[in-house]
Amino acid sequence: MKHIFLLFIHIIIITISVKAQKWTNGQAAYGVIGQRDFISGSINRGNTHPSNGASLAGPQMIIVDSITGKVFIADYGNNRVLRFSSVAAAINNMDAEAVLGQENLTGYSSGTSARQLSYPTGLSLDLSGNLWVVDQSNSRVLRFPNATTFVSGEAANMVIGQNKFTSAKNGTSDSSLTNPRSIFIHDDTLWLSDAGNNRVLRYDNISAKPAFNAKADAVLGQIDFTSNGIGTTATTFQTPMQIYVDAAGSLWVADQYNGRILRFNNAGQKTNGGSADGILGQPDFTSNNLGTTNQSTFSAVVSGVYGDNNGTIYVADQTNSRVLIFENAAQKANGDSADYVLGQSDFSSHDAGTSATALKYPITVFFSNMQLFIVDNLNNRIIVQNPNLPVTLPLKLLNFTGRLQNNNAVSLQWQTADEQDVSKYELQYSTDGINYSYTLDVTHAQNLSNNYYSYLHDDPVLGNNYYRIKMVNNDGSFTYSNIVMITVTNDDYVIISPNPAADNIVITLPDTDKATVAIYNSVGSLVKTERLYSAISTTDIHSLLTGTYFINIVESNGRIINTTLIKD
């Protein structure tokens with residue numbers, strides 16, 4: 001068989017908002033997780049989804065794996081972390097795949113061990129496929145391996161903030177914590193908001209840290225590791241909550257009781273006690289104007305901050321029961337106004353509510369795959385928003401994904417369940433993410449309990465290619481899927497040689513020396529994962545069966561590479 005040197009064409013499952021797409025003040029959410037409908041807000045204690053549809057108790061955080069689409073939720077009041085197979089599965093009240101902190105989906109007790117949690121708050125995934133969990137009441141952070149495949153009740157293999165898994169002491173040092181809240185991993189750097197000590201800690205080269213007593217490398221908000229005072233300046237915090245690091249390396253911090261969001265440019269280079277470079281919610285670094293409800297000022301409790309790859313920052317303005325949206329946030333002057341508001345019809349309203357357009361004390365936010373997730377804490381739910389016109393998520397669609405193959409063709413797959421009322425699927429295509437007038441394929445429903453569909457688009461354009469599925473029911477009604485964007489470029493490449501291969505392959509990366517490689521078989525099962533620490537690396541594949549494999553490479557700079565391999 002002819003050996004092929006693969007020209008690398010990278011693919012990004014859309015995680016950015018398209019500039020032509022706009023938000024609307026007070027727009028309705030299109031999905032809800034944790035409740036059966038938008039008018040329910042009941043609390044749940046230890047069930048997957050009881051008869052009333054509830055499955056969460058005071059949730060604190062949600063994240064979505066950009067590679068597999070799997071969903072992780074910090075279910076605070078149930079002392080657990082849930083994993084769902086997809087956003088659609090979570091919205092449609094399907095069972096969680098697995099749970100951490102409990103032995104099964106009905107448990108909710110707290111504890112202090114490698115298998116237990118006590119009020120988890122923050123979540124993050126690293127390049128090696130580990131899930132990191134902020135275990136607040138145990139004043140620690142736990143690392144769980146194999147995030148997308150762990151079984152219920154799996155044990156952690158690393159702890160930060162304690163010297164053993166059975167300890168839950170508070171402390172103020174470079175290796176101890178007091179009620180930490182949020183975590184964000186950028187490349188191989190771990191950032192942690194240590195709320196009880198009024199500081200944000202930075203851990204460099206986290207993959208090389210010891211399993212116990214890992215020491216932080218730098219601190220913001222304090223001048224050293226033994227201080228924990230509060231303040232209202234460019235160098236101090238008053239209970240830092242959610243943190244986010246953008247593509248430029250700027251750290252954004254929700255400084256809760258100062259009612260502001262602080263931005264630290266080039267945060268990885270800041271020395272202890274370094275100064276913030278920008279501020280939202282207050283006109284300057286020494287103001288603490290709380291309780292006002294307008295376009296540029298937050299309430300007394302601002303708790304959440306996250307961004308997308310277009311530079312938009314989303315802020316959970318907790319006691320105003322709203323989320324504020326700041327476009328091109330890093331370019332805004334200190335104290336500039338927000339561009340849009342969700343949860344309220346205008347910038348002067350602050351009523352709490354339980355509906356598709358209302359919120360009740362939102363605590364954190366997360367953005368992924370053209371979707372904004374708002375953790376609506378006191379409604380015991382997570383609502384899902386989209387900057388497109390609101391649509392209803394197809395009830396029967398479990399997932400919709402795409403891959404770019406080595407011949408530049410786009411392979412699209414979707415999975416459905418229980419199609420008894422579904423007539424057909426229309427695969428729609430766009431080159432601008434707005435106009436989907438071109439239909440690539442029409443597939444009639446198989447009307448089986450579990451169904452798999454695929455389509456090969458053999459002539460995508462150079463640049464961005466957008467795909468969605470229009471699902472048409474027997475009565476003529478229809479709904480749309482999530483959007484998948486695949487970007488075709490010819491300026492960067494990775495070489496996998498030889499290909500086909502029998503025993504070993506050499507992977508040459510384009511512009512980095514660190515990456516994580518995941519190899520999937522033809523039915524999408526993960527068969528091998530490996531961490532690369534060199535621009536040219538050798539990977540052993542002799543144990544793989546003969547056939548075609550998909551290779552997913554996540555570089556340290558966040559770039560996602562997908563290609564194929566033929567195993568002789």
# chains A, B, ... in the order shown; residues from 1 in each chain; ligands from 1
$ select_by_dssp --residues "region 122-268 of chain A" --states "strand (DSSP E)" --output "number ranges by chain"
A: 122-125, 131-135, 140-144, 158-160, 182-186, 189-194, 199-203, 218-220, 240-245, 251-255, 260-264
$ closest_residue --among "A:Asn258, A:Asn228, A:Ser250, A:Ser437" --to "Gln282 (chain A)" --atoms "only C-alpha atoms"
A:Asn258
$ closest_residue --among "A:Met158, A:Ile553, A:Leu190, A:Ala214" --to "Asp174 (chain A)" --atoms "only C-alpha atoms"
A:Ala214
$ closest_residue --among "A:Gly46, A:Asn294, A:Asp421, A:Asp65" --to "Val554 (chain A)" --atoms "only C-alpha atoms"
A:Asp65
$ residues_around --residues "region 539-552 of chain A" --least-positions-apart "6" --cutoff "7 Å" --atoms "only C-alpha atoms" --output "ChimeraX atom specification"
/A:502-506,517-522,561-568
$ residues_around --residues "Tyr533 (chain A)" --least-positions-apart "2" --cutoff "8 Å" --atoms "only C-alpha atoms" --output "PDB file with C-alpha atoms, in the first residue's frame"
ATOM      1  CA  ASP A 513       6.991  20.573  21.358  1.00  0.00           C
ATOM      2  CA  LYS A 514       4.144  19.556  23.685  1.00  0.00           C
ATOM      3  CA  ALA A 515       0.872  17.886  22.804  1.00  0.00           C
ATOM      4  CA  ARG A 531       1.651  12.833  25.918  1.00  0.00           C
ATOM      5  CA  ALA A 535       8.483  18.357  18.199  1.00  0.00           C
ATOM      6  CA  SER A 537       8.188  11.944  18.691  1.00  0.00           C
TER       7      SER A 537
END
$ residues_around --residues "Ala333 (chain A)" --least-positions-apart "5" --cutoff "9 Å" --atoms "only C-alpha atoms" --output "JSON, numbers by chain"
{"A": [278, 279, 280, 283]}
$ write_last_selection --atoms "all heavy atoms" --output "short mmCIF file (atom, residue, chain, number, x, y, z; two decimals), in the first residue's frame"
data_model
loop_
_atom_site.label_atom_id
_atom_site.label_comp_id
_atom_site.auth_asym_id
_atom_site.auth_seq_id
_atom_site.Cartn_x
_atom_site.Cartn_y
_atom_site.Cartn_z
N GLY A 278 -6.61 45.78 33.82
CA GLY A 278 -7.90 46.27 33.38
C GLY A 278 -8.99 45.87 34.35
O GLY A 278 -8.82 44.95 35.18
N ILE A 279 -10.14 46.56 34.26
CA ILE A 279 -11.23 46.32 35.22
C ILE A 279 -12.57 46.55 34.54
O ILE A 279 -12.73 47.47 33.74
CB ILE A 279 -11.07 47.23 36.46
CG1 ILE A 279 -12.12 46.89 37.53
CG2 ILE A 279 -11.11 48.69 36.08
CD1 ILE A 279 -11.89 47.62 38.84
N LEU A 280 -13.53 45.69 34.85
CA LEU A 280 -14.92 45.87 34.46
C LEU A 280 -15.77 45.89 35.72
O LEU A 280 -15.48 45.19 36.69
CB LEU A 280 -15.39 44.74 33.55
CG LEU A 280 -14.67 44.57 32.21
CD1 LEU A 280 -15.14 43.31 31.51
CD2 LEU A 280 -14.88 45.79 31.32
N PRO A 283 -15.23 51.93 37.92
CA PRO A 283 -14.53 52.90 37.07
C PRO A 283 -13.02 52.90 37.26
O PRO A 283 -12.29 53.35 36.38
CB PRO A 283 -15.13 54.24 37.50
CG PRO A 283 -15.59 54.02 38.91
CD PRO A 283 -16.05 52.60 38.95
#
$ closest_residue --among "A:Ile91, A:Ala300, A:Leu82, A:Ala29" --to "Leu398 (chain A)" --atoms "only C-alpha atoms"
A:Ile91
$ closest_residue --among "A:Phe225, A:Phe366, A:Tyr466, A:Tyr480" --to "Asn399 (chain A)" --atoms "only C-alpha atoms"
A:Tyr480
$ residues_around --residues "region 119-122 of chain A" --least-positions-apart "3" --cutoff "9 Å" --atoms "only C-alpha atoms" --output "list of chain:residue names"
A:Pro59, A:Gln60, A:Met61, A:Ile62, A:Ala74, A:Asp75, A:Tyr76, A:Gly77, A:Asn78, A:Asn79, A:Arg80, A:Val81, A:Ser110, A:Trp132, A:Val133, A:Val134, A:Asp135, A:Gln136, A:Ser137, A:Asn138, A:Val141, A:Pro180, A:Arg181, A:Ser182, A:Ile183, A:Phe184, A:Gln242
$ write_last_selection --atoms "C-alpha atoms" --output "tab-separated table (two decimals), in the first residue's frame"
chain	number	residue	atom	x	y	z
A	59	PRO	CA	-24.82	23.22	40.84
A	60	GLN	CA	-21.60	25.25	40.71
A	61	MET	CA	-19.86	24.58	37.39
A	62	ILE	CA	-20.21	22.92	34.00
A	74	ALA	CA	-20.05	19.98	39.70
A	75	ASP	CA	-23.24	19.06	41.59
A	76	TYR	CA	-22.41	20.92	44.80
A	77	GLY	CA	-25.30	19.90	47.08
A	78	ASN	CA	-24.99	16.24	46.09
A	79	ASN	CA	-21.22	16.15	46.71
A	80	ARG	CA	-20.54	14.73	43.27
A	81	VAL	CA	-19.39	15.38	39.72
A	110	SER	CA	-19.83	14.04	51.73
A	132	TRP	CA	-9.41	18.44	38.03
A	133	VAL	CA	-12.03	19.07	40.72
A	134	VAL	CA	-12.02	21.85	43.30
A	135	ASP	CA	-13.24	20.15	46.50
A	136	GLN	CA	-14.12	23.29	48.40
A	137	SER	CA	-15.04	22.16	51.90
A	138	ASN	CA	-12.04	19.82	52.00
A	141	VAL	CA	-8.07	20.07	44.49
A	180	PRO	CA	-10.76	27.25	47.04
A	181	ARG	CA	-13.44	27.97	44.42
A	182	SER	CA	-12.36	27.85	40.78
A	183	ILE	CA	-9.70	26.27	38.59
A	184	PHE	CA	-8.48	26.85	35.04
A	242	GLN	CA	-14.36	32.07	38.96
$ residues_around --residues "Thr189 (chain A)" --least-positions-apart "2" --cutoff "12 Å" --atoms "only C-alpha atoms" --output "ChimeraX atom specification"
/A:124-127,183-187,191-192,201-209,216-218,245,249,251,267-269,556-557
$ write_last_selection --atoms "N, CA and C atoms" --output "PDB file, in the first residue's frame"
ATOM      1  N   SER A 124     -11.873  21.547  35.617  1.00  0.00           N
ATOM      2  CA  SER A 124     -11.056  21.860  34.446  1.00  0.00           C
ATOM      3  C   SER A 124     -10.460  20.568  33.902  1.00  0.00           C
ATOM      4  N   LEU A 125     -10.218  20.545  32.599  1.00  0.00           N
ATOM      5  CA  LEU A 125      -9.586  19.412  31.932  1.00  0.00           C
ATOM      6  C   LEU A 125      -8.196  19.814  31.464  1.00  0.00           C
ATOM      7  N   ASP A 126      -7.216  18.908  31.572  1.00  0.00           N
ATOM      8  CA  ASP A 126      -5.884  19.217  31.070  1.00  0.00           C
ATOM      9  C   ASP A 126      -5.626  18.474  29.764  1.00  0.00           C
ATOM     10  N   LEU A 127      -4.467  18.717  29.175  1.00  0.00           N
ATOM     11  CA  LEU A 127      -4.142  18.151  27.868  1.00  0.00           C
ATOM     12  C   LEU A 127      -3.906  16.654  27.921  1.00  0.00           C
ATOM     13  N   ILE A 183     -10.947  26.749  39.161  1.00  0.00           N
ATOM     14  CA  ILE A 183      -9.697  26.269  38.586  1.00  0.00           C
ATOM     15  C   ILE A 183      -9.738  26.457  37.083  1.00  0.00           C
ATOM     16  N   PHE A 184      -8.589  26.753  36.497  1.00  0.00           N
ATOM     17  CA  PHE A 184      -8.484  26.848  35.036  1.00  0.00           C
ATOM     18  C   PHE A 184      -7.082  26.408  34.638  1.00  0.00           C
ATOM     19  N   ILE A 185      -7.017  25.461  33.686  1.00  0.00           N
ATOM     20  CA  ILE A 185      -5.722  24.978  33.214  1.00  0.00           C
ATOM     21  C   ILE A 185      -5.483  25.512  31.812  1.00  0.00           C
ATOM     22  N   HIS A 186      -4.384  26.215  31.645  1.00  0.00           N
ATOM     23  CA  HIS A 186      -3.985  26.806  30.371  1.00  0.00           C
ATOM     24  C   HIS A 186      -2.615  26.239  30.012  1.00  0.00           C
ATOM     25  N   ASP A 187      -2.549  25.480  28.905  1.00  0.00           N
ATOM     26  CA  ASP A 187      -1.338  24.726  28.578  1.00  0.00           C
ATOM     27  C   ASP A 187      -1.027  23.788  29.746  1.00  0.00           C
ATOM     28  N   TRP A 191      -4.203  27.371  37.250  1.00  0.00           N
ATOM     29  CA  TRP A 191      -4.570  28.564  38.011  1.00  0.00           C
ATOM     30  C   TRP A 191      -5.682  28.185  38.990  1.00  0.00           C
ATOM     31  N   LEU A 192      -5.621  28.732  40.202  1.00  0.00           N
ATOM     32  CA  LEU A 192      -6.576  28.357  41.237  1.00  0.00           C
ATOM     33  C   LEU A 192      -6.963  29.577  42.064  1.00  0.00           C
ATOM     34  N   LEU A 201      -3.606  31.465  42.874  1.00  0.00           N
ATOM     35  CA  LEU A 201      -2.314  30.787  42.831  1.00  0.00           C
ATOM     36  C   LEU A 201      -2.017  30.269  41.431  1.00  0.00           C
ATOM     37  N   ARG A 202      -0.733  30.269  41.082  1.00  0.00           N
ATOM     38  CA  ARG A 202      -0.288  29.726  39.792  1.00  0.00           C
ATOM     39  C   ARG A 202       0.671  28.563  40.028  1.00  0.00           C
ATOM     40  N   TYR A 203       0.375  27.419  39.383  1.00  0.00           N
ATOM     41  CA  TYR A 203       1.228  26.234  39.461  1.00  0.00           C
ATOM     42  C   TYR A 203       1.783  25.961  38.072  1.00  0.00           C
ATOM     43  N   ASP A 204       3.046  26.203  37.863  1.00  0.00           N
ATOM     44  CA  ASP A 204       3.681  25.952  36.569  1.00  0.00           C
ATOM     45  C   ASP A 204       4.000  24.465  36.418  1.00  0.00           C
ATOM     46  N   ASN A 205       4.016  23.997  35.160  1.00  0.00           N
ATOM     47  CA  ASN A 205       4.376  22.599  34.861  1.00  0.00           C
ATOM     48  C   ASN A 205       3.634  21.633  35.776  1.00  0.00           C
ATOM     49  N   ILE A 206       2.309  21.750  35.759  1.00  0.00           N
ATOM     50  CA  ILE A 206       1.511  20.976  36.699  1.00  0.00           C
ATOM     51  C   ILE A 206       1.655  19.471  36.460  1.00  0.00           C
ATOM     52  N   SER A 207       1.931  19.054  35.237  1.00  0.00           N
ATOM     53  CA  SER A 207       2.062  17.627  34.948  1.00  0.00           C
ATOM     54  C   SER A 207       3.284  17.016  35.623  1.00  0.00           C
ATOM     55  N   ALA A 208       4.237  17.860  36.041  1.00  0.00           N
ATOM     56  CA  ALA A 208       5.451  17.356  36.689  1.00  0.00           C
ATOM     57  C   ALA A 208       5.415  17.510  38.210  1.00  0.00           C
ATOM     58  N   LYS A 209       4.332  18.045  38.754  1.00  0.00           N
ATOM     59  CA  LYS A 209       4.245  18.242  40.206  1.00  0.00           C
ATOM     60  C   LYS A 209       4.038  16.905  40.916  1.00  0.00           C
ATOM     61  N   ALA A 216       2.747  26.017  44.973  1.00  0.00           N
ATOM     62  CA  ALA A 216       2.453  27.036  43.973  1.00  0.00           C
ATOM     63  C   ALA A 216       3.733  27.783  43.616  1.00  0.00           C
ATOM     64  N   ASP A 217       3.778  28.305  42.393  1.00  0.00           N
ATOM     65  CA  ASP A 217       4.965  29.035  41.920  1.00  0.00           C
ATOM     66  C   ASP A 217       4.806  30.541  41.998  1.00  0.00           C
ATOM     67  N   ALA A 218       3.576  31.026  42.071  1.00  0.00           N
ATOM     68  CA  ALA A 218       3.358  32.469  42.174  1.00  0.00           C
ATOM     69  C   ALA A 218       1.973  32.726  42.744  1.00  0.00           C
ATOM     70  N   VAL A 245      -8.624  32.086  31.716  1.00  0.00           N
ATOM     71  CA  VAL A 245      -7.446  32.533  30.985  1.00  0.00           C
ATOM     72  C   VAL A 245      -7.773  32.512  29.498  1.00  0.00           C
ATOM     73  N   GLY A 249      -3.370  34.733  26.972  1.00  0.00           N
ATOM     74  CA  GLY A 249      -2.687  34.517  28.247  1.00  0.00           C
ATOM     75  C   GLY A 249      -3.078  35.492  29.333  1.00  0.00           C
ATOM     76  N   LEU A 251      -5.353  36.662  32.399  1.00  0.00           N
ATOM     77  CA  LEU A 251      -6.160  36.061  33.463  1.00  0.00           C
ATOM     78  C   LEU A 251      -7.282  37.015  33.832  1.00  0.00           C
ATOM     79  N   ALA A 267      -0.415  36.971  32.337  1.00  0.00           N
ATOM     80  CA  ALA A 267      -0.486  36.599  33.754  1.00  0.00           C
ATOM     81  C   ALA A 267       0.604  35.621  34.157  1.00  0.00           C
ATOM     82  N   GLY A 268       1.013  34.762  33.233  1.00  0.00           N
ATOM     83  CA  GLY A 268       2.041  33.782  33.561  1.00  0.00           C
ATOM     84  C   GLY A 268       3.389  34.388  33.869  1.00  0.00           C
ATOM     85  N   GLN A 269       3.579  35.664  33.508  1.00  0.00           N
ATOM     86  CA  GLN A 269       4.843  36.353  33.764  1.00  0.00           C
ATOM     87  C   GLN A 269       4.767  37.278  34.974  1.00  0.00           C
ATOM     88  N   SER A 556      -0.144  22.217  22.905  1.00  0.00           N
ATOM     89  CA  SER A 556      -0.093  23.005  24.134  1.00  0.00           C
ATOM     90  C   SER A 556      -0.637  24.407  23.946  1.00  0.00           C
ATOM     91  N   ASN A 557      -0.683  24.901  22.713  1.00  0.00           N
ATOM     92  CA  ASN A 557      -1.234  26.223  22.442  1.00  0.00           C
ATOM     93  C   ASN A 557      -2.734  26.192  22.224  1.00  0.00           C
TER      94      ASN A 557
END
$ closest_residue --among "A:Asn328, A:Ser534, A:Asn320, A:Thr364" --to "Phe298 (chain A)" --atoms "only C-alpha atoms"
A:Asn320
